[in-house]
>>> print(open('input22.cif').read())   # mmCIF, C-alpha atoms
data_final
#
loop_
_atom_site.label_atom_id
_atom_site.label_comp_id
_atom_site.auth_asym_id
_atom_site.auth_seq_id
_atom_site.Cartn_x
_atom_site.Cartn_y
_atom_site.Cartn_z
CA MET I 1 0.00 0.00 0.00
CA ILE I 2 1.28 3.45 -0.87
CA LEU I 3 1.59 5.45 2.34
CA LEU I 4 1.16 9.13 1.59
CA ILE I 5 2.73 10.21 4.83
CA SER I 6 4.49 13.16 3.28
CA LEU I 7 1.20 14.37 1.79
CA LEU I 8 -0.37 14.41 5.23
CA ILE I 9 2.50 16.43 6.69
CA PHE I 10 2.63 18.60 3.58
CA VAL I 11 -1.03 19.63 3.85
CA GLU I 12 -0.58 20.26 7.54
CA PHE I 13 1.77 23.13 6.79
CA GLY I 14 -0.48 24.50 4.15
CA CYS I 15 -2.84 25.28 7.00
CA TYR I 16 -0.77 27.43 9.30
CA ALA I 17 -1.04 30.80 7.68
CA PHE I 18 -4.70 30.60 6.79
CA HIS I 19 -6.11 30.99 10.26
CA PRO I 20 -5.42 34.53 11.42
CA THR I 21 -8.05 36.23 13.53
CA HIS I 22 -8.97 38.99 11.12
CA GLU I 23 -8.20 42.51 12.30
CA LYS I 24 -11.56 43.84 11.10
CA ALA I 25 -13.37 41.28 13.23
CA ILE I 26 -11.42 41.86 16.41
CA MET I 27 -13.98 44.28 17.84
CA GLN I 28 -17.03 42.35 16.65
CA PRO I 29 -19.00 40.19 18.93
CA LYS I 30 -22.20 32.07 24.99
CA CYS I 31 -18.78 30.51 26.39
CA ARG I 32 -17.55 27.07 27.39
CA ASN I 33 -14.28 27.06 29.26
CA THR I 34 -11.35 25.36 27.54
CA ALA I 35 -7.56 25.44 27.61
CA LEU I 36 -7.23 25.98 23.87
CA ASN I 37 -7.48 29.73 23.27
CA LEU I 38 -5.01 30.92 20.66
CA THR I 39 -3.82 34.45 21.19
CA PRO I 40 -2.83 36.42 18.05
CA ILE I 41 0.78 35.26 17.96
CA GLY I 42 2.91 33.68 15.26
CA PRO I 43 0.98 32.90 12.07
CA PHE I 44 -2.28 33.59 13.93
CA CYS I 45 -1.41 37.27 14.32
CA HIS I 46 -4.12 39.47 12.83
CA PHE I 47 -1.58 42.19 12.03
CA ARG I 48 0.08 41.29 8.75
CA SER I 49 3.28 42.60 7.26
CA SER I 50 3.32 43.52 3.57
CA ALA I 51 5.53 40.52 2.77
CA SER I 52 3.23 38.05 4.54
CA VAL I 53 0.18 39.49 2.78
CA GLU I 54 1.94 38.97 -0.57
CA ALA I 55 2.62 35.31 0.32
CA GLU I 56 -0.89 34.49 1.50
CA PRO I 57 -2.46 33.83 -1.96
CA LYS I 58 0.05 31.04 -2.58
CA MET I 59 -0.61 29.64 0.89
CA GLU I 60 -4.34 29.76 0.24
CA GLU I 61 -3.91 27.79 -2.99
CA LEU I 62 -2.25 25.00 -1.03
CA TYR I 63 -4.95 24.98 1.62
CA GLU I 64 -7.77 24.87 -0.92
CA GLN I 65 -6.34 21.66 -2.37
CA ALA I 66 -6.53 19.81 0.96
CA PRO I 67 -10.16 18.63 0.73
CA ASP I 68 -9.63 17.21 -2.76
CA PHE I 69 -6.50 15.41 -1.63
CA ALA I 70 -8.30 13.98 1.39
CA THR I 71 -11.24 12.70 -0.68
CA ASP I 72 -9.15 11.20 -3.47
CA MET I 73 -6.64 9.59 -1.13
CA ALA I 74 -9.38 8.10 1.03
CA LYS I 75 -10.82 6.47 -2.09
CA VAL I 76 -7.41 5.13 -3.21
CA GLN I 77 -6.61 3.74 0.23
CA SER I 78 -10.06 2.22 0.63
CA ASP I 79 -9.78 0.39 -2.69
CA MET I 80 -6.34 -0.97 -1.86
CA GLN I 81 -7.29 -2.06 1.66
CA ILE I 82 -9.95 -4.38 0.24
CA GLY I 83 -7.56 -5.73 -2.35
CA GLY I 84 -9.01 -3.78 -5.25
CA GLN I 85 -7.33 -1.80 -8.01
CA PRO I 86 -7.94 1.94 -7.70
CA ASP I 87 -9.44 3.65 -10.70
CA LYS I 88 -6.72 4.55 -13.22
CA ALA I 89 -8.12 8.02 -13.87
CA LEU I 90 -8.23 8.68 -10.12
CA LEU I 91 -4.59 7.65 -9.74
CA PHE I 92 -3.50 9.94 -12.55
CA ARG I 93 -5.56 12.77 -11.04
CA VAL I 94 -3.91 12.31 -7.65
CA ALA I 95 -0.46 12.16 -9.25
CA ASP I 96 -1.09 15.35 -11.22
CA GLY I 97 -2.44 17.04 -8.11
CA ILE I 98 0.66 16.07 -6.14
CA ASP I 99 2.96 17.51 -8.79
CA GLN I 100 0.98 20.74 -8.89
CA ALA I 101 0.97 21.04 -5.11
CA VAL I 102 4.73 20.46 -4.88
CA ASP I 103 5.33 23.11 -7.53
CA GLN I 104 3.26 25.56 -5.48
CA TRP I 105 5.00 24.48 -2.27
CA GLU I 106 8.46 25.05 -3.74
CA THR I 107 7.42 28.41 -5.21
CA LEU I 108 6.10 29.49 -1.81
CA LEU I 109 9.27 28.38 -0.02
CA ALA I 110 11.41 30.26 -2.53
CA GLN I 111 9.35 33.39 -1.91
CA LEU I 112 9.64 33.00 1.86
CA LYS I 113 13.39 32.39 1.67
CA SER I 114 13.90 35.55 -0.39
CA SER I 115 12.07 37.70 2.15
CA GLY I 116 13.84 39.47 4.98
CA ASP I 117 10.59 40.23 6.80
CA PHE I 118 10.14 38.97 10.36
CA GLN I 119 6.70 37.39 9.84
CA THR I 120 7.65 35.44 6.74
CA ILE I 121 10.88 34.24 8.35
CA GLU I 122 8.90 33.27 11.44
CA TYR I 123 6.50 31.22 9.33
CA ARG I 124 9.35 29.48 7.48
CA LYS I 125 11.21 28.65 10.69
CA LEU I 126 8.02 27.38 12.28
CA VAL I 127 7.55 25.04 9.32
CA ASP I 128 11.17 23.86 9.63
CA VAL I 129 10.84 23.19 13.35
CA HIS I 130 7.53 21.37 13.05
CA LEU I 131 8.68 19.25 10.10
CA SER I 132 11.78 18.27 12.07
CA LYS I 133 9.48 16.75 14.70
CA HIS I 134 8.38 14.32 11.98
CA GLY I 135 11.97 13.63 10.91
CA VAL I 136 11.67 15.51 7.61
CA THR I 137 12.70 18.79 6.00
CA PRO I 138 11.01 20.94 3.33
CA THR I 139 13.41 19.49 0.75
CA SER I 140 12.73 15.89 1.73
CA ILE I 141 8.98 16.58 1.65
CA SER I 142 9.25 17.74 -1.95
CA SER I 143 11.39 14.75 -2.90
CA MET I 144 9.02 12.32 -1.17
CA MET I 145 5.95 13.85 -2.76
CA ARG I 146 7.33 13.73 -6.28
CA TRP I 147 8.35 10.11 -5.80
CA GLN I 148 4.88 9.22 -4.57
CA GLY I 149 3.39 10.90 -7.62
CA ARG I 150 5.54 8.63 -9.77
CA CYS I 151 4.36 5.65 -7.70
CA MET I 152 0.77 6.60 -8.42
CA ARG I 153 1.40 6.68 -12.15
CA ALA I 154 3.22 3.34 -12.00
CA LEU I 155 0.27 1.80 -10.17
CA ALA I 156 -2.12 3.17 -12.76
CA LEU I 157 -0.03 1.61 -15.54
CA ASN I 158 0.39 -1.65 -13.61
CA SER I 159 4.16 -1.13 -13.65
CA PRO I 160 6.72 -1.74 -10.90
CA PRO I 161 7.02 1.24 -8.56
CA PRO I 162 10.12 3.42 -9.00
CA MET I 163 12.90 3.26 -6.46
CA PRO I 164 12.67 5.93 -3.77
CA PRO I 165 15.15 8.81 -3.86
CA THR I 166 18.46 7.90 -2.29
CA ASP I 167 18.34 10.89 0.05
CA LEU I 168 15.15 9.71 1.77
CA ASP I 169 15.09 7.65 4.96
CA LEU I 170 11.66 6.09 4.43
CA ALA I 171 11.78 3.93 7.54
CA SER I 172 12.48 6.97 9.74
CA MET I 173 9.79 9.07 8.05
CA MET I 174 7.17 6.34 8.41
CA ASN I 175 8.12 5.75 12.04
CA ASN I 176 7.91 9.46 12.88
CA ALA I 177 4.63 9.90 11.05
CA GLY I 178 3.11 6.67 12.31
CA GLY I 179 2.79 7.49 15.98
CA LYS I 180 -0.71 8.27 17.22
CA GLU I 181 0.50 11.19 19.24
CA SER I 182 2.48 12.86 16.47
CA THR I 183 0.45 12.29 13.32
CA PRO I 184 -2.23 14.84 12.46
CA SER I 185 -5.47 13.62 10.97
CA LEU I 186 -5.75 14.65 7.32
CA ASN I 187 -9.54 14.31 7.43
CA ARG I 188 -9.88 16.39 10.59
CA MET I 189 -7.42 18.99 9.30
CA THR I 190 -9.41 19.54 6.13
CA ASN I 191 -12.66 19.79 8.08
CA ALA I 192 -11.34 22.10 10.80
CA GLN I 193 -12.73 25.60 10.67
CA LYS I 194 -10.55 28.56 9.94
CA ILE I 195 -10.15 30.84 12.94
CA THR I 196 -12.27 33.71 11.69
CA SER I 197 -14.34 34.57 14.76
CA CYS I 198 -13.65 37.54 16.99
CA PRO I 199 -12.04 36.37 20.26
CA PHE I 200 -14.11 38.64 22.49
CA ASN I 201 -17.73 39.46 23.13
CA GLU I 202 -18.52 43.05 22.19
CA SER I 203 -20.13 43.76 25.55
CA ALA I 204 -16.76 43.71 27.32
CA PHE I 205 -15.60 46.79 25.42
CA LYS I 206 -18.21 49.00 27.02
CA ASN I 207 -15.58 49.55 29.71
CA GLU I 208 -13.44 52.46 28.50
CA ALA I 209 -10.31 51.33 30.34
CA ILE I 210 -10.48 47.89 28.70
CA ARG I 211 -11.11 49.44 25.31
CA ASP I 212 -8.17 51.83 25.68
CA GLU I 213 -5.85 49.01 26.79
CA PHE I 214 -6.94 46.86 23.85
CA GLU I 215 -6.42 49.64 21.32
CA LYS I 216 -2.94 50.36 22.67
CA LEU I 217 -2.02 46.67 22.55
CA CYS I 218 -3.21 46.44 18.94
CA ARG I 219 -1.34 49.60 18.01
CA ASP I 220 1.91 48.46 19.67
CA HIS I 221 1.70 45.02 18.07
CA ASN I 222 1.01 46.41 14.60
CA GLU I 223 3.89 48.90 14.82
CA LEU I 224 6.26 46.14 15.93
CA ILE I 225 5.28 43.91 13.00
CA GLU I 226 5.85 46.80 10.58
CA SER I 227 9.26 47.52 12.10
CA GLY I 228 10.34 43.93 11.40
CA ALA I 229 10.20 44.38 7.61
CA LYS I 230 14.02 44.25 7.39
CA TYR I 231 14.61 41.76 10.18
CA SER I 232 17.18 39.79 8.17
CA GLU I 233 19.39 42.90 8.09
CA PHE I 234 19.43 43.23 11.89
CA ASP I 235 22.67 42.34 13.64
CA PRO I 236 22.51 39.41 16.11
CA LYS I 237 22.04 41.69 19.12
CA ASP I 238 19.16 43.56 17.50
CA LYS I 239 17.51 40.28 16.50
CA ILE I 240 17.56 39.14 20.12
CA ILE I 241 16.09 42.47 21.21
CA PHE I 242 13.36 42.34 18.55
CA VAL I 243 12.32 38.75 19.36
CA GLY I 244 12.23 39.76 23.02
CA GLN I 245 9.84 42.59 22.14
CA ILE I 246 7.64 40.17 20.20
CA GLU I 247 7.50 37.84 23.18
CA GLU I 248 6.65 40.74 25.49
CA ILE I 249 3.67 41.49 23.24
CA GLU I 250 2.70 37.82 23.44
CA ASP I 251 2.76 38.05 27.26
CA ARG I 252 0.51 41.11 27.15
CA TRP I 253 -1.98 39.23 24.94
CA ASP I 254 -1.92 36.30 27.40
CA ILE I 255 -2.85 38.62 30.25
CA PHE I 256 -5.59 40.25 28.20
CA TYR I 257 -7.10 36.92 27.12
CA THR I 258 -6.91 35.51 30.64
CA ARG I 259 -8.86 38.50 31.93
CA PHE I 260 -11.58 38.00 29.31
CA SER I 261 -11.74 34.30 30.09
CA LEU I 262 -12.24 35.02 33.80
CA MET I 263 -14.96 37.52 32.86
CA ASP I 264 -16.59 34.82 30.70
CA GLU I 265 -16.30 37.19 27.73
CA LEU I 266 -14.43 34.99 25.27
CA ASN I 267 -16.47 34.29 22.15
CA PRO I 268 -17.46 30.58 22.22
CA ASP I 269 -17.21 30.37 18.41
CA PHE I 270 -13.60 31.49 18.64
CA VAL I 271 -12.88 28.96 21.38
CA GLU I 272 -14.42 26.16 19.33
CA GLN I 273 -12.44 27.07 16.21
CA CYS I 274 -9.20 27.12 18.22
CA ASN I 275 -10.01 23.70 19.64
CA ASP I 276 -10.82 22.24 16.24
CA PHE I 277 -7.70 23.58 14.58
CA LEU I 278 -5.14 22.56 17.19
CA GLU I 279 -6.75 19.18 17.85
CA SER I 280 -6.83 18.46 14.11
CA MET I 281 -3.04 18.66 14.16
CA ASN I 282 -2.67 16.66 17.39
CA LEU I 283 -1.28 19.76 19.08
CA ASN I 284 -2.27 21.43 22.27
CA GLU I 285 -1.64 25.09 23.07
CA LYS I 286 1.49 24.32 25.08
CA GLU I 287 3.00 22.30 22.23
CA TYR I 288 2.17 25.01 19.71
CA ARG I 289 3.80 27.66 21.87
CA LYS I 290 6.88 25.44 22.25
CA LEU I 291 7.15 25.19 18.46
CA LEU I 292 6.90 28.96 18.16
CA LYS I 293 9.52 29.44 20.88
CA ASP I 294 11.87 27.04 19.10
CA ALA I 295 11.31 28.95 15.85
CA HIS I 296 12.17 32.23 17.56
CA ILE I 297 15.36 30.73 18.95
CA ALA I 298 16.33 29.57 15.45
CA MET I 299 15.62 33.05 14.08
CA GLN I 300 18.16 34.64 16.38
CA LYS I 301 21.09 32.65 14.95
#
>>> encode(input="input22.cif", output="structure tokens")
Amino acid sequence: MILLISLLIFVEFGCYAFHPTHEKAIMQPKCRNTALNLTPIGPFCHFRSSASVEAEPKMEELYEQAPDFATDMAKVQSDMQIGGQPDKALLFRVADGIDQAVDQWETLLAQLKSSGDFQTIEYRKLVDVHLSKHGVTPTSISSMMRWQGRCMRALALNSPPPMPPTDLDLASMMNNAGGKESTPSLNRMTNAQKITSCPFNESAFKNEAIRDEFEKLCRDHNELIESGAKYSEFDPKDKIIFVGQIEEIEDRWDIFYTRFSLMDELNPDFVEQCNDFLESMNLNEKEYRKLLKDAHIAMQK
């Protein structure tokens, strides 16, 4: 059976940048308590740099392919599990889709690598760190995907499968992706809602002090993101200082969200979307924050 492990991991990282809490909705307006409340940090930040906004269409293209991949692969795997031969046209469609997705993936990575902006570097490093948890790299993902596309075509033609690329450690990749705790669910990932809801109930902003604090926090965060446009040109000391400022903003958001949670003023739709997204990737909030912290450490080198 062809194990499309790299496809599962590949789609996972097509999801990260598509779930920001939109800035226009932040003041828009029910709440079950839960530990999974994503503050606007990392790729979930609702303040976007110009470089990250330019990259988002390519990210969105990858994300939009996920449901089709999930449906087609479920059909292929189901047919093979019962000893049947998958439909030839379906196999060719999956193979073509894989090639197209890898082309988009490599184009996106090239764009991210050419950017000196903090947010785009942060996204790329987050991808690197998370992929490393599965024992793979962006390059090995591309190599694995293209090989699996060739396997699909060979299966459709009833030909022997091609040899895997010599630079791939398939046993290690399958072992890392095969654990229940580490492997995200492709089906759940494609069905998880985007985080589009406002985090807070509108009623809480009737308090002028809270409203003023929120507006200042938004203003400070946005200005900091804009000032990171040339992050790659910072010297090592300035990079450490800048990442420290980002993490101070994250701490301020934590305090703000905790206050709203205690007031029972977190939007339950937002809470549910956070739960769905993180759980679909077999991550909890602590693990996600650890990935982001590791990415920030890598960015300071």
>>> closest_residue(input="input22.cif", among="I:Pro86, I:Gly135, I:Gly42, I:Gly149", to="Asp294 in chain I", atoms="all atoms listed in the file")
I:Gly42
>>> residues_near_point(input="input22.cif", point="(4.2, 46.5, 4.6)", cutoff="8 Å", atoms="all atoms listed in the file", output="list in words")
Arg48, Ser49, Ser50, Ala51, Glu226 and Ala229 of chain I
>>> atom_distance(input="input22.cif", atom1="CA of Asp128 in chain I", atom2="CA of Pro43 in chain I")
13.8 Å
>>> closest_atom_pairs(input="input22.cif", of="range 116-162 of chain I", to="range 272-292 of chain I", cutoff="10 Å", atoms="only C-alpha atoms", output="JSON lines")
{"residue": "I:Glu122", "atom": "CA", "partner": "I:Leu292", "partner_atom": "CA", "distance": 8.2}
{"residue": "I:Tyr123", "atom": "CA", "partner": "I:Leu292", "partner_atom": "CA", "distance": 9.1}
{"residue": "I:Lys125", "atom": "CA", "partner": "I:Leu292", "partner_atom": "CA", "distance": 8.6}
{"residue": "I:Leu126", "atom": "CA", "partner": "I:Leu292", "partner_atom": "CA", "distance": 6.2}
{"residue": "I:Val127", "atom": "CA", "partner": "I:Leu291", "partner_atom": "CA", "distance": 9.1}
{"residue": "I:Asp128", "atom": "CA", "partner": "I:Leu291", "partner_atom": "CA", "distance": 9.8}
{"residue": "I:Val129", "atom": "CA", "partner": "I:Leu291", "partner_atom": "CA", "distance": 6.6}
{"residue": "I:His130", "atom": "CA", "partner": "I:Leu291", "partner_atom": "CA", "distance": 6.6}
{"residue": "I:Lys133", "atom": "CA", "partner": "I:Leu291", "partner_atom": "CA", "distance": 9.5}
>>> closest_residue(input="input22.cif", among="I:Met299, I:Met80, I:Ala55, I:Leu262", to="Ser115 in chain I", atoms="only C-alpha atoms")
I:Ala55
>>> resolve_selection(input="input22.cif", expression="the PyMOL selection byres ((chain I and resi 40) around 8)", output="tab-separated table (two decimals) with C-alpha atoms, keeping the file's coordinate frame")
chain	number	residue	atom	x	y	z
I	20	PRO	CA	-5.42	34.53	11.42
I	21	THR	CA	-8.05	36.23	13.53
I	38	LEU	CA	-5.01	30.92	20.66
I	39	THR	CA	-3.82	34.45	21.19
I	41	ILE	CA	0.78	35.26	17.96
I	42	GLY	CA	2.91	33.68	15.26
I	43	PRO	CA	0.98	32.90	12.07
I	44	PHE	CA	-2.28	33.59	13.93
I	45	CYS	CA	-1.41	37.27	14.32
I	46	HIS	CA	-4.12	39.47	12.83
I	250	GLU	CA	2.70	37.82	23.44
I	253	TRP	CA	-1.98	39.23	24.94
>>> residues_around(input="input22.cif", residues="Phe214 in chain I", least_positions_apart="2", cutoff="10 Å", atoms="all atoms listed in the file", output="ChimeraX atom specification")
/I:27,205,208-212,216-220,252-253,256
>>> write_last_selection(input="input22.cif", atoms="C-alpha atoms", output="PDB file, keeping the file's coordinate frame")
ATOM      1  CA  MET I  27     -13.980  44.280  17.840  1.00  0.00           C
ATOM      2  CA  PHE I 205     -15.600  46.790  25.420  1.00  0.00           C
ATOM      3  CA  GLU I 208     -13.440  52.460  28.500  1.00  0.00           C
ATOM      4  CA  ALA I 209     -10.310  51.330  30.340  1.00  0.00           C
ATOM      5  CA  ILE I 210     -10.480  47.890  28.700  1.00  0.00           C
ATOM      6  CA  ARG I 211     -11.110  49.440  25.310  1.00  0.00           C
ATOM      7  CA  ASP I 212      -8.170  51.830  25.680  1.00  0.00           C
ATOM      8  CA  LYS I 216      -2.940  50.360  22.670  1.00  0.00           C
ATOM      9  CA  LEU I 217      -2.020  46.670  22.550  1.00  0.00           C
ATOM     10  CA  CYS I 218      -3.210  46.440  18.940  1.00  0.00           C
ATOM     11  CA  ARG I 219      -1.340  49.600  18.010  1.00  0.00           C
ATOM     12  CA  ASP I 220       1.910  48.460  19.670  1.00  0.00           C
ATOM     13  CA  ARG I 252       0.510  41.110  27.150  1.00  0.00           C
ATOM     14  CA  TRP I 253      -1.980  39.230  24.940  1.00  0.00           C
ATOM     15  CA  PHE I 256      -5.590  40.250  28.200  1.00  0.00           C
TER      16      PHE I 256
END
>>> closest_residue(input="input22.cif", among="I:Ser78, I:Gln148, I:Gln300, I:Thr139", to="Pro161 in chain I", atoms="all atoms listed in the file")
I:Gln148
>>> residues_around(input="input22.cif", residues="Ile98 in chain I", least_positions_apart="2", cutoff="9 Å", atoms="only C-alpha atoms", output="VMD selection string")
chain I and resid 7 69 93 to 96 100 to 103 145 to 146 148 to 149
